[in-house]
Structures are given as C-alpha cells and as structure tokens.
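Enquirer: Below is the file start09.cif, with mmCIF, C-alpha atoms.
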data_data
#
loop_
_atom_site.label_atom_id
_atom_site.label_comp_id
_atom_site.auth_asym_id
_atom_site.auth_seq_id
_atom_site.Cartn_x
_atom_site.Cartn_y
_atom_site.Cartn_z
CA MET A 1 0.00 0.00 0.00
CA PRO A 2 1.53 3.38 -0.97
CA PRO A 3 2.30 5.83 1.86
CA LEU A 4 -0.38 8.44 2.48
CA PRO A 5 -0.22 12.01 3.77
CA SER A 6 -1.05 12.62 7.42
CA ILE A 7 -4.63 11.84 8.33
CA LEU A 8 -6.49 12.35 11.58
CA ILE A 9 -8.52 9.35 12.73
CA ARG A 10 -11.00 9.63 15.58
CA HIS A 11 -11.10 6.67 17.95
CA ILE A 12 -14.29 6.13 19.96
CA HIS A 13 -14.05 3.33 22.52
CA LEU A 14 -17.20 2.43 24.44
CA PRO A 15 -15.80 1.44 27.85
CA SER A 16 -18.73 -0.64 29.14
CA ILE A 17 -20.43 -3.77 27.82
CA THR A 18 -22.72 -2.27 25.18
CA PRO A 19 -25.93 -3.67 23.65
CA PHE A 20 -25.18 -4.50 20.05
CA HIS A 21 -28.22 -2.71 18.64
CA LEU A 22 -27.03 0.58 20.17
CA VAL A 23 -23.67 0.23 18.45
CA GLN A 24 -25.41 -0.52 15.17
CA THR A 25 -27.40 2.70 15.55
CA LEU A 26 -24.23 4.69 16.20
CA GLN A 27 -22.48 3.07 13.24
CA THR A 28 -25.44 3.85 10.96
CA HIS A 29 -25.31 7.48 12.08
CA LEU A 30 -21.58 7.74 11.34
CA VAL A 31 -22.00 6.16 7.91
CA SER A 32 -24.90 8.53 7.16
CA GLN A 33 -22.66 11.50 7.88
CA PHE A 34 -20.29 10.39 5.13
CA LEU A 35 -23.11 9.68 2.68
CA ASN A 36 -24.70 13.07 3.38
CA TYR A 37 -21.35 14.73 2.80
CA LYS A 38 -20.93 12.97 -0.54
CA ALA A 39 -24.44 13.93 -1.59
CA SER A 40 -23.73 17.56 -0.70
CA LEU A 41 -20.79 17.73 -3.12
CA SER A 42 -23.23 18.06 -6.01
CA THR A 43 -25.00 21.01 -4.37
CA PRO A 44 -24.04 24.71 -4.24
CA SER A 45 -23.25 24.42 -0.51
CA PRO A 46 -21.31 21.26 0.28
CA ILE A 47 -20.89 20.43 3.94
CA ALA A 48 -17.63 19.67 5.71
CA PRO A 49 -16.42 16.07 5.52
CA PRO A 50 -16.81 14.02 8.72
CA ALA A 51 -13.82 12.61 10.55
CA PRO A 52 -12.76 9.03 9.78
CA THR A 53 -13.74 7.08 12.89
CA ILE A 54 -12.81 3.76 14.43
CA LEU A 55 -15.48 2.51 16.79
CA THR A 56 -14.36 -0.13 19.31
CA PHE A 57 -16.52 -1.86 21.88
CA VAL A 58 -17.36 -5.05 23.76
CA PRO A 59 -20.96 -6.13 23.05
CA THR A 60 -23.57 -8.05 24.95
CA PRO A 61 -23.89 -11.63 23.58
CA VAL A 62 -25.13 -11.64 20.01
CA TYR A 63 -25.03 -13.87 16.95
CA THR A 64 -24.86 -11.78 13.78
CA THR A 65 -25.74 -13.08 10.34
CA GLY A 66 -24.30 -11.96 7.01
CA ARG A 67 -26.46 -10.25 4.43
CA ARG A 68 -26.97 -13.44 2.39
CA GLU A 69 -28.37 -15.57 5.21
CA HIS A 70 -30.85 -13.36 7.00
CA ASP A 71 -33.73 -15.76 6.45
CA SER A 72 -31.83 -19.05 6.37
CA LEU A 73 -31.98 -19.93 10.08
CA SER A 74 -34.73 -22.36 11.02
CA PRO A 75 -36.81 -21.99 14.18
CA GLU A 76 -34.87 -24.90 15.67
CA GLN A 77 -31.54 -23.19 14.94
CA LEU A 78 -32.78 -19.94 16.43
CA ALA A 79 -33.87 -21.77 19.58
CA VAL A 80 -30.37 -23.21 19.99
CA LEU A 81 -28.72 -19.82 19.50
CA LYS A 82 -31.05 -18.11 21.97
CA ALA A 83 -30.70 -20.72 24.73
CA PRO A 84 -29.09 -19.46 27.98
CA LEU A 85 -25.44 -20.11 28.80
CA SER A 86 -24.07 -20.00 32.36
CA PRO A 87 -20.60 -18.38 32.61
CA LEU A 88 -17.71 -20.48 33.87
CA ARG A 89 -16.28 -17.63 35.94
CA ARG A 90 -17.28 -14.30 37.41
CA SER A 91 -16.71 -11.12 35.46
CA SER A 92 -17.09 -7.38 36.03
CA HIS A 93 -20.41 -7.40 34.18
CA ASN A 94 -21.70 -10.65 35.73
CA LYS A 95 -20.34 -11.08 39.24
CA TYR A 96 -22.78 -13.84 40.19
CA LYS A 97 -22.44 -15.95 37.06
CA ASN A 98 -26.08 -15.53 36.11
CA PRO A 99 -27.19 -17.21 32.86
CA GLU A 100 -26.74 -15.07 29.75
CA TRP A 101 -28.79 -15.00 26.57
CA ALA A 102 -27.65 -14.05 23.07
CA ALA A 103 -29.66 -12.05 20.57
CA VAL A 104 -29.68 -12.94 16.87
CA VAL A 105 -29.26 -9.89 14.64
CA PRO A 106 -29.07 -9.58 10.84
CA THR A 107 -26.36 -7.30 9.46
CA LEU A 108 -25.25 -5.91 6.09
CA ARG A 109 -21.73 -7.31 6.31
CA GLY A 110 -20.40 -10.15 4.22
CA GLY A 111 -19.72 -13.59 5.65
CA GLN A 112 -21.87 -15.98 7.61
CA THR A 113 -23.05 -16.33 11.20
CA THR A 114 -20.57 -15.45 13.92
CA PHE A 115 -20.64 -14.60 17.62
CA HIS A 116 -19.79 -11.35 19.40
CA GLY A 117 -19.91 -10.91 23.13
CA PRO A 118 -18.16 -10.21 26.44
CA GLY A 119 -14.41 -10.70 26.29
CA GLN A 120 -14.31 -9.89 22.58
CA LEU A 121 -13.07 -6.64 21.08
CA VAL A 122 -15.14 -5.52 18.10
CA VAL A 123 -13.60 -2.94 15.77
CA TYR A 124 -15.70 -0.98 13.25
CA PRO A 125 -13.76 1.51 11.09
CA ILE A 126 -16.08 4.01 9.40
CA LEU A 127 -14.19 5.89 6.73
CA ASP A 128 -14.13 6.82 3.05
CA LEU A 129 -11.69 4.69 1.06
CA LYS A 130 -11.55 7.13 -1.86
CA PRO A 131 -9.34 9.86 -0.33
CA LEU A 132 -7.21 7.08 1.18
CA LEU A 133 -6.21 5.97 -2.33
CA LEU A 134 -8.03 2.69 -1.82
CA ALA A 135 -10.94 3.36 -4.18
CA SER A 136 -9.88 1.04 -7.01
CA ALA A 137 -10.65 -2.37 -8.40
CA SER A 138 -8.58 -3.87 -5.60
CA ALA A 139 -9.95 -1.56 -2.89
CA VAL A 140 -11.78 -4.23 -0.95
CA ARG A 141 -8.82 -6.63 -0.97
CA CYS A 142 -6.43 -3.87 0.11
CA TYR A 143 -8.76 -2.83 2.90
CA VAL A 144 -9.27 -6.41 4.11
CA ASN A 145 -5.49 -6.90 4.10
CA LEU A 146 -5.13 -3.77 6.20
CA LEU A 147 -7.67 -5.05 8.75
CA GLU A 148 -5.95 -8.44 8.93
CA GLN A 149 -2.45 -7.02 9.20
CA SER A 150 -3.50 -4.56 11.90
CA THR A 151 -4.82 -7.51 13.89
CA ILE A 152 -1.68 -9.59 13.30
CA ASN A 153 0.50 -6.67 14.40
CA THR A 154 -1.67 -6.17 17.49
CA LEU A 155 -1.26 -9.82 18.50
CA ALA A 156 2.51 -9.41 18.22
CA HIS A 157 2.42 -6.86 21.05
CA TRP A 158 1.35 -9.78 23.27
CA THR A 159 3.98 -12.10 21.71
CA LEU A 160 1.22 -13.97 19.89
CA LYS A 161 1.48 -15.01 16.26
CA GLY A 162 -1.43 -14.67 13.89
CA LYS A 163 -1.52 -15.32 10.18
CA ARG A 164 -3.66 -15.19 7.06
CA THR A 165 -4.93 -18.31 5.35
CA GLU A 166 -7.09 -18.89 2.30
CA ASN A 167 -10.05 -18.27 4.60
CA PRO A 168 -10.98 -14.78 5.82
CA GLY A 169 -9.94 -13.54 9.24
CA VAL A 170 -6.82 -14.04 11.34
CA TRP A 171 -5.75 -17.50 12.51
CA ASP A 172 -3.25 -19.03 14.90
CA GLU A 173 0.00 -20.50 13.59
CA SER A 174 -1.63 -23.84 12.81
CA GLY A 175 -4.23 -22.20 10.58
CA GLU A 176 -6.87 -24.32 12.32
CA ARG A 177 -8.15 -21.91 14.98
CA LYS A 178 -9.53 -18.49 14.19
CA ILE A 179 -8.72 -15.72 16.66
CA ALA A 180 -10.35 -12.85 14.77
CA ALA A 181 -13.37 -12.88 12.47
CA LEU A 182 -13.73 -10.35 9.69
CA GLY A 183 -16.74 -9.04 7.78
CA VAL A 184 -17.15 -5.70 6.04
CA HIS A 185 -19.69 -3.68 4.10
CA LEU A 186 -19.01 -0.88 1.62
CA ARG A 187 -21.43 1.68 0.26
CA ARG A 188 -20.05 4.36 -2.03
CA ASN A 189 -16.58 3.50 -0.68
CA ILE A 190 -17.74 4.08 2.92
CA THR A 191 -16.74 1.21 5.19
CA SER A 192 -18.71 -0.32 8.04
CA TYR A 193 -18.41 -3.40 10.26
CA GLY A 194 -14.92 -4.88 10.57
CA VAL A 195 -13.16 -7.19 13.04
CA GLY A 196 -14.13 -9.29 16.05
CA LEU A 197 -10.99 -10.20 18.04
CA ASN A 198 -11.31 -12.82 20.77
CA VAL A 199 -9.45 -11.38 23.76
CA ASN A 200 -10.91 -13.37 26.64
CA THR A 201 -14.10 -14.70 25.10
CA ASP A 202 -16.05 -17.66 26.47
CA LEU A 203 -15.48 -19.88 23.45
CA ARG A 204 -18.43 -22.15 24.29
CA TRP A 205 -20.69 -19.65 22.51
CA PHE A 206 -19.09 -20.79 19.24
CA ASP A 207 -20.09 -24.41 19.88
CA ARG A 208 -23.59 -23.54 18.65
CA ILE A 209 -22.51 -22.51 15.16
CA VAL A 210 -20.14 -23.46 12.40
CA ALA A 211 -18.09 -20.30 12.88
CA CYS A 212 -18.17 -18.27 9.66
CA GLY A 213 -19.36 -21.40 7.82
CA LEU A 214 -15.99 -23.18 8.02
CA VAL A 215 -16.59 -26.84 8.91
CA GLY A 216 -13.84 -28.49 10.94
CA LYS A 217 -12.14 -25.26 12.03
CA GLY A 218 -11.89 -24.07 15.62
CA VAL A 219 -11.67 -20.78 17.49
CA ILE A 220 -9.21 -19.46 20.05
CA SER A 221 -8.79 -16.35 22.20
CA MET A 222 -5.73 -14.29 23.06
CA ARG A 223 -5.87 -15.54 26.63
CA GLU A 224 -6.14 -19.22 25.66
CA LEU A 225 -3.44 -18.86 23.04
CA GLY A 226 -1.25 -17.10 25.59
CA LYS A 227 -1.45 -20.08 27.92
CA GLU A 228 0.42 -22.04 25.26
CA ARG A 229 3.35 -19.59 25.26
CA PRO A 230 5.85 -18.36 27.92
CA TRP A 231 3.80 -15.30 28.82
CA LEU A 232 5.57 -14.14 31.96
CA GLU A 233 9.07 -14.36 30.54
CA SER A 234 8.17 -12.71 27.25
CA LEU A 235 6.19 -9.92 28.94
CA GLN A 236 9.09 -8.85 31.14
CA LYS A 237 8.01 -10.91 34.15
CA LYS A 238 4.62 -9.26 34.56
CA ASN A 239 2.64 -10.89 37.34
CA GLY A 240 -0.82 -12.35 36.81
CA VAL A 241 -2.74 -9.23 37.81
CA GLN A 242 -0.69 -7.01 35.51
CA LEU A 243 -1.04 -9.49 32.66
CA ARG A 244 -4.84 -9.58 33.01
CA ALA A 245 -4.89 -5.79 33.00
CA ARG A 246 -2.92 -5.71 29.76
CA LEU A 247 -5.51 -8.01 28.21
CA LYS A 248 -8.36 -5.60 28.81
CA PRO A 249 -10.21 -4.88 25.54
CA GLY A 250 -9.66 -1.13 25.95
CA ILE A 251 -5.89 -1.58 25.93
CA VAL A 252 -6.04 -4.00 23.02
CA ALA A 253 -8.29 -1.49 21.19
CA ARG A 254 -5.77 1.34 21.50
CA THR A 255 -3.02 -0.93 20.21
CA TRP A 256 -5.15 -2.05 17.25
CA VAL A 257 -6.00 1.52 16.27
CA ARG A 258 -2.33 2.53 16.37
CA GLU A 259 -1.44 -0.39 14.11
CA PHE A 260 -4.25 0.51 11.71
CA ALA A 261 -3.03 4.11 11.52
CA ARG A 262 0.52 2.88 10.86
CA GLY A 263 -0.81 0.69 8.08
CA LEU A 264 -2.57 3.61 6.41
CA VAL A 265 0.77 5.42 6.04
CA GLY A 266 2.55 2.34 4.76
CA GLU A 267 4.31 1.31 7.97
CA GLY A 268 2.30 -1.76 8.94
CA GLY A 269 3.79 -4.34 6.59
CA GLU A 270 0.41 -5.21 5.05
CA GLU A 271 0.05 -6.65 1.57
CA CYS A 272 -2.05 -5.07 -1.15
#
Just dump the structure as structure tokens.
Expert:
Amino acid sequence: MPPLPSILIRHIHLPSITPFHLVQTLQTHLVSQFLNYKASLSTPSPIAPPAPTILTFVPTPVYTTGRREHDSLSPEQLAVLKAPLSPLRRSSHNKYKNPEWAAVVPTLRGGQTTFHGPGQLVVYPILDLKPLLLASASAVRCYVNLLEQSTINTLAHWTLKGKRTENPGVWDESGERKIAALGVHLRRNITSYGVGLNVNTDLRWFDRIVACGLVGKGVISMRELGKERPWLESLQKKNGVQLRARLKPGIVARTWVREFARGLVGEGGEEC
C-alpha cells in the first residue's frame, strides 16, 4: 500500500459492555454523515467532511448473520442460539455468574453467522476509502489486508502469532483456529463493520454454530493462546494481575487503532 499524507482518525471506545443494537445505531449514524457529505458535493453548498472514525466496543452476547443468510436460520436453529449459557467464571459485568442469553441480529456485512460478546473486542472503522487511495478495483482486498495485518501486528504486542490463510480472518500458527473474524460492508466507498478479536471470550458460545461457515475449524482467544506460550518471561516478568490488566479490551483497542493508523501510512507491513 503506498504511503499516504497525514490523516487524523477519531477513535471512539465504548468502555462498558454495550448492547449490540445501540452500536449498530451509532455506526449507521456515522455512515450517514459520510453519505450526506458525498451527496452535498453536487449542491451549491457542500458540507464539511466528517472525521474518519474507528469505533471499538465489547458487546452483549449476540449472533450476527451476514447479508446473504438473514432468512436461512430455522426456528430450531434460532432456539439453539437463543438458549441461555451460564458463565464459567465471574466477570465485572456478571459477578454472580447468572445465565446469559444471546440475541440474533441480521447485518449488512459479508460472511456468515458469527458470535460477538463479552471478552471480545469488536472494531468498526467508518471511513471513506476514496481519499485514502483505496478506491480502485482492488480496494476491498487492500482494505481487508489492512484489517488483517493490523490484527496480526496487534497480536505481536502480546507475543502472539497470527496469520492469514485462504479463509478470511486471522488465525493461529496452525491455521486451524480463528482468533479474529472479519466481515465488512461498503457503500459508495464508505466502510462499516470490521473485526471481532477474541481477547478473553467464552469460546463455548461458538459451539452452537459453524463459525463463519468453516466446517472443521476451531476458534481461540488471546488468553487461551497465551497459555500455550511463555507469557511471563516474554512480557518482562509481569505478574498475573498485571497481565490480566494488559488483556483488557480497551488496551487491546488502542493498540489495534495505532497499528491501523501505521498501516494507512505504509508502515504496517500489510500486503495489497
């Protein structure tokens, strides 16, 4: 990807567990600002362009479907997805391990059914690819590469290795376990949706689906993958409490956004 001039990106991180439908409303509003700006360019009084924004958050449990499978789930499948799940451990949002229920929400993104929920960082960049020199025949591939590479570079900050495969998303070294799902939507070169990175996700939620439609593949989180590596030595002998703090989605979010910004100016090592 060719280097770009300086660009200011706004990062909005929602610090609490946030209902998914509220984030969708916010994303729709941000996309509408770009579309309204583009429409105004053909008028005598064009409005100022909105700021490119990266929205990061941790959602309440939700299964989202891609745009091609909104009506493909049977009542029996919906019943399985909506069944309660009791957490294995306490968390800041569920101190008493009460059962949790997942919503099922259709989206405009590509891809198939996936899960988002507590312990997962969701990243939605909302920006116009055209002024970023990505509005070309290969724009979508370049943008997807940028999302994947930003995630791979973020994992490296925790001494974790992620990689691309022939399947979308970011995978562990074996290529058999997905650590980050990816699904995007473009309208007039305006991006929406993005990445779901498993930080400390309860992976049992994925047992109810064939994640992203890939039969025989598994899922993994940063925490579970970290248990397979010499965490304490590689992280300068951080103790357990410090290590857990570094795995908070807000910290991971800031790292991801920095890597994305580096990638936009040609410093991230992404392919295009």
Enquirer: So which one's closest to Leu146 (chain A), A:Lys130, A:Arg164, A:Arg177, A:His185? Using only C-alpha atoms, please.
Expert: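 Of A:Lys130, A:Arg164, A:Arg177, A:His185, the one nearest Leu146 (chain A), counting only C-alpha atoms, is A:Arg164.
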Enquirer: Expand the PyMOL selection byres ((chain A and resi 25-31) around 12) into the explicit residue set it covers here, and present it as a compact mmCIF listing (two decimals) with C-alpha atoms, in the frame of the given file.
Expert:
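The result, written out as result_5.txt:
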# COMPACT_ATOMS: atom_id res chain seq x y z
CA ARG A 10 -11.00 9.63 15.58
CA ILE A 12 -14.29 6.13 19.96
CA LEU A 14 -17.20 2.43 24.44
CA THR A 18 -22.72 -2.27 25.18
CA PRO A 19 -25.93 -3.67 23.65
CA PHE A 20 -25.18 -4.50 20.05
CA HIS A 21 -28.22 -2.71 18.64
CA LEU A 22 -27.03 0.58 20.17
CA VAL A 23 -23.67 0.23 18.45
CA GLN A 24 -25.41 -0.52 15.17
CA SER A 32 -24.90 8.53 7.16
CA GLN A 33 -22.66 11.50 7.88
CA PHE A 34 -20.29 10.39 5.13
CA LEU A 35 -23.11 9.68 2.68
CA ASN A 36 -24.70 13.07 3.38
CA TYR A 37 -21.35 14.73 2.80
CA LYS A 38 -20.93 12.97 -0.54
CA PRO A 49 -16.42 16.07 5.52
CA PRO A 50 -16.81 14.02 8.72
CA ALA A 51 -13.82 12.61 10.55
CA PRO A 52 -12.76 9.03 9.78
CA THR A 53 -13.74 7.08 12.89
CA ILE A 54 -12.81 3.76 14.43
CA LEU A 55 -15.48 2.51 16.79
CA THR A 56 -14.36 -0.13 19.31
CA PHE A 57 -16.52 -1.86 21.88
CA THR A 107 -26.36 -7.30 9.46
CA LEU A 108 -25.25 -5.91 6.09
CA VAL A 123 -13.60 -2.94 15.77
CA TYR A 124 -15.70 -0.98 13.25
CA PRO A 125 -13.76 1.51 11.09
CA ILE A 126 -16.08 4.01 9.40
CA LEU A 127 -14.19 5.89 6.73
CA ASP A 128 -14.13 6.82 3.05
CA HIS A 185 -19.69 -3.68 4.10
CA LEU A 186 -19.01 -0.88 1.62
CA ARG A 187 -21.43 1.68 0.26
CA ARG A 188 -20.05 4.36 -2.03
CA ASN A 189 -16.58 3.50 -0.68
CA ILE A 190 -17.74 4.08 2.92
CA THR A 191 -16.74 1.21 5.19
CA SER A 192 -18.71 -0.32 8.04
CA TYR A 193 -18.41 -3.40 10.26
CA GLY A 194 -14.92 -4.88 10.57
Enquirer: Could you check how far CA of Leu264 (chain A) sits from CA of Thr151 (chain A), in Å to one decimal?
Expert: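 Separation of CA of Leu264 (chain A) and CA of Thr151 (chain A): 13.6 Å.
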Enquirer: Report the distance between CA of Ile9 (chain A) and CA of Thr114 (chain A) in Å, rounded to one decimal place.
Expert: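 Spanning CA of Ile9 (chain A) to CA of Thr114 (chain A) is a straight-line distance of 27.6 Å.
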Enquirer: List as JSON, numbers by chain: which residues have an atom within 10 Å of (-10.6, -14.0, 1.8), counting all atoms listed in the file?
Expert: {"A": [111, 141, 144, 145, 164, 165, 166, 167, 168, 169, 182, 183]}
Enquirer: Do you know which residues the PyMOL selection byres ((chain A and resi 87) around 9) returns on this file, as a list of chain:residue names?
Expert: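 Going through the file, the PyMOL selection byres ((chain A and resi 87) around 9) ends up selecting A:Leu85, A:Ser86, A:Leu88, A:Arg89, A:Arg90, A:Ser91, A:Asn94, A:Lys97, A:Asn98, A:Pro99, A:Glu100, A:Asp202.
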Enquirer: Taking C-alpha atoms for each residue, export the selection above as an mmCIF file, in the coordinates of the input.
Expert:
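Listed below is the output, again-v2.cif:
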data_model
loop_
_atom_site.group_PDB
_atom_site.id
_atom_site.type_symbol
_atom_site.label_atom_id
_atom_site.label_comp_id
_atom_site.auth_asym_id
_atom_site.auth_seq_id
_atom_site.Cartn_x
_atom_site.Cartn_y
_atom_site.Cartn_z
ATOM 1 C CA LEU A 85 -25.440 -20.110 28.800
ATOM 2 C CA SER A 86 -24.070 -20.000 32.360
ATOM 3 C CA LEU A 88 -17.710 -20.480 33.870
ATOM 4 C CA ARG A 89 -16.280 -17.630 35.940
ATOM 5 C CA ARG A 90 -17.280 -14.300 37.410
ATOM 6 C CA SER A 91 -16.710 -11.120 35.460
ATOM 7 C CA ASN A 94 -21.700 -10.650 35.730
ATOM 8 C CA LYS A 97 -22.440 -15.950 37.060
ATOM 9 C CA ASN A 98 -26.080 -15.530 36.110
ATOM 10 C CA PRO A 99 -27.190 -17.210 32.860
ATOM 11 C CA GLU A 100 -26.740 -15.070 29.750
ATOM 12 C CA ASP A 202 -16.050 -17.660 26.470
#
Enquirer: Give as JSON, numbers by chain the residues that the PyMOL selection byres ((chain A and resi 68) around 10) matches when applied to the coordinates above.
Expert: {"A": [65, 66, 67, 69, 70, 71, 72, 106, 107, 108, 109, 110, 111, 112]}
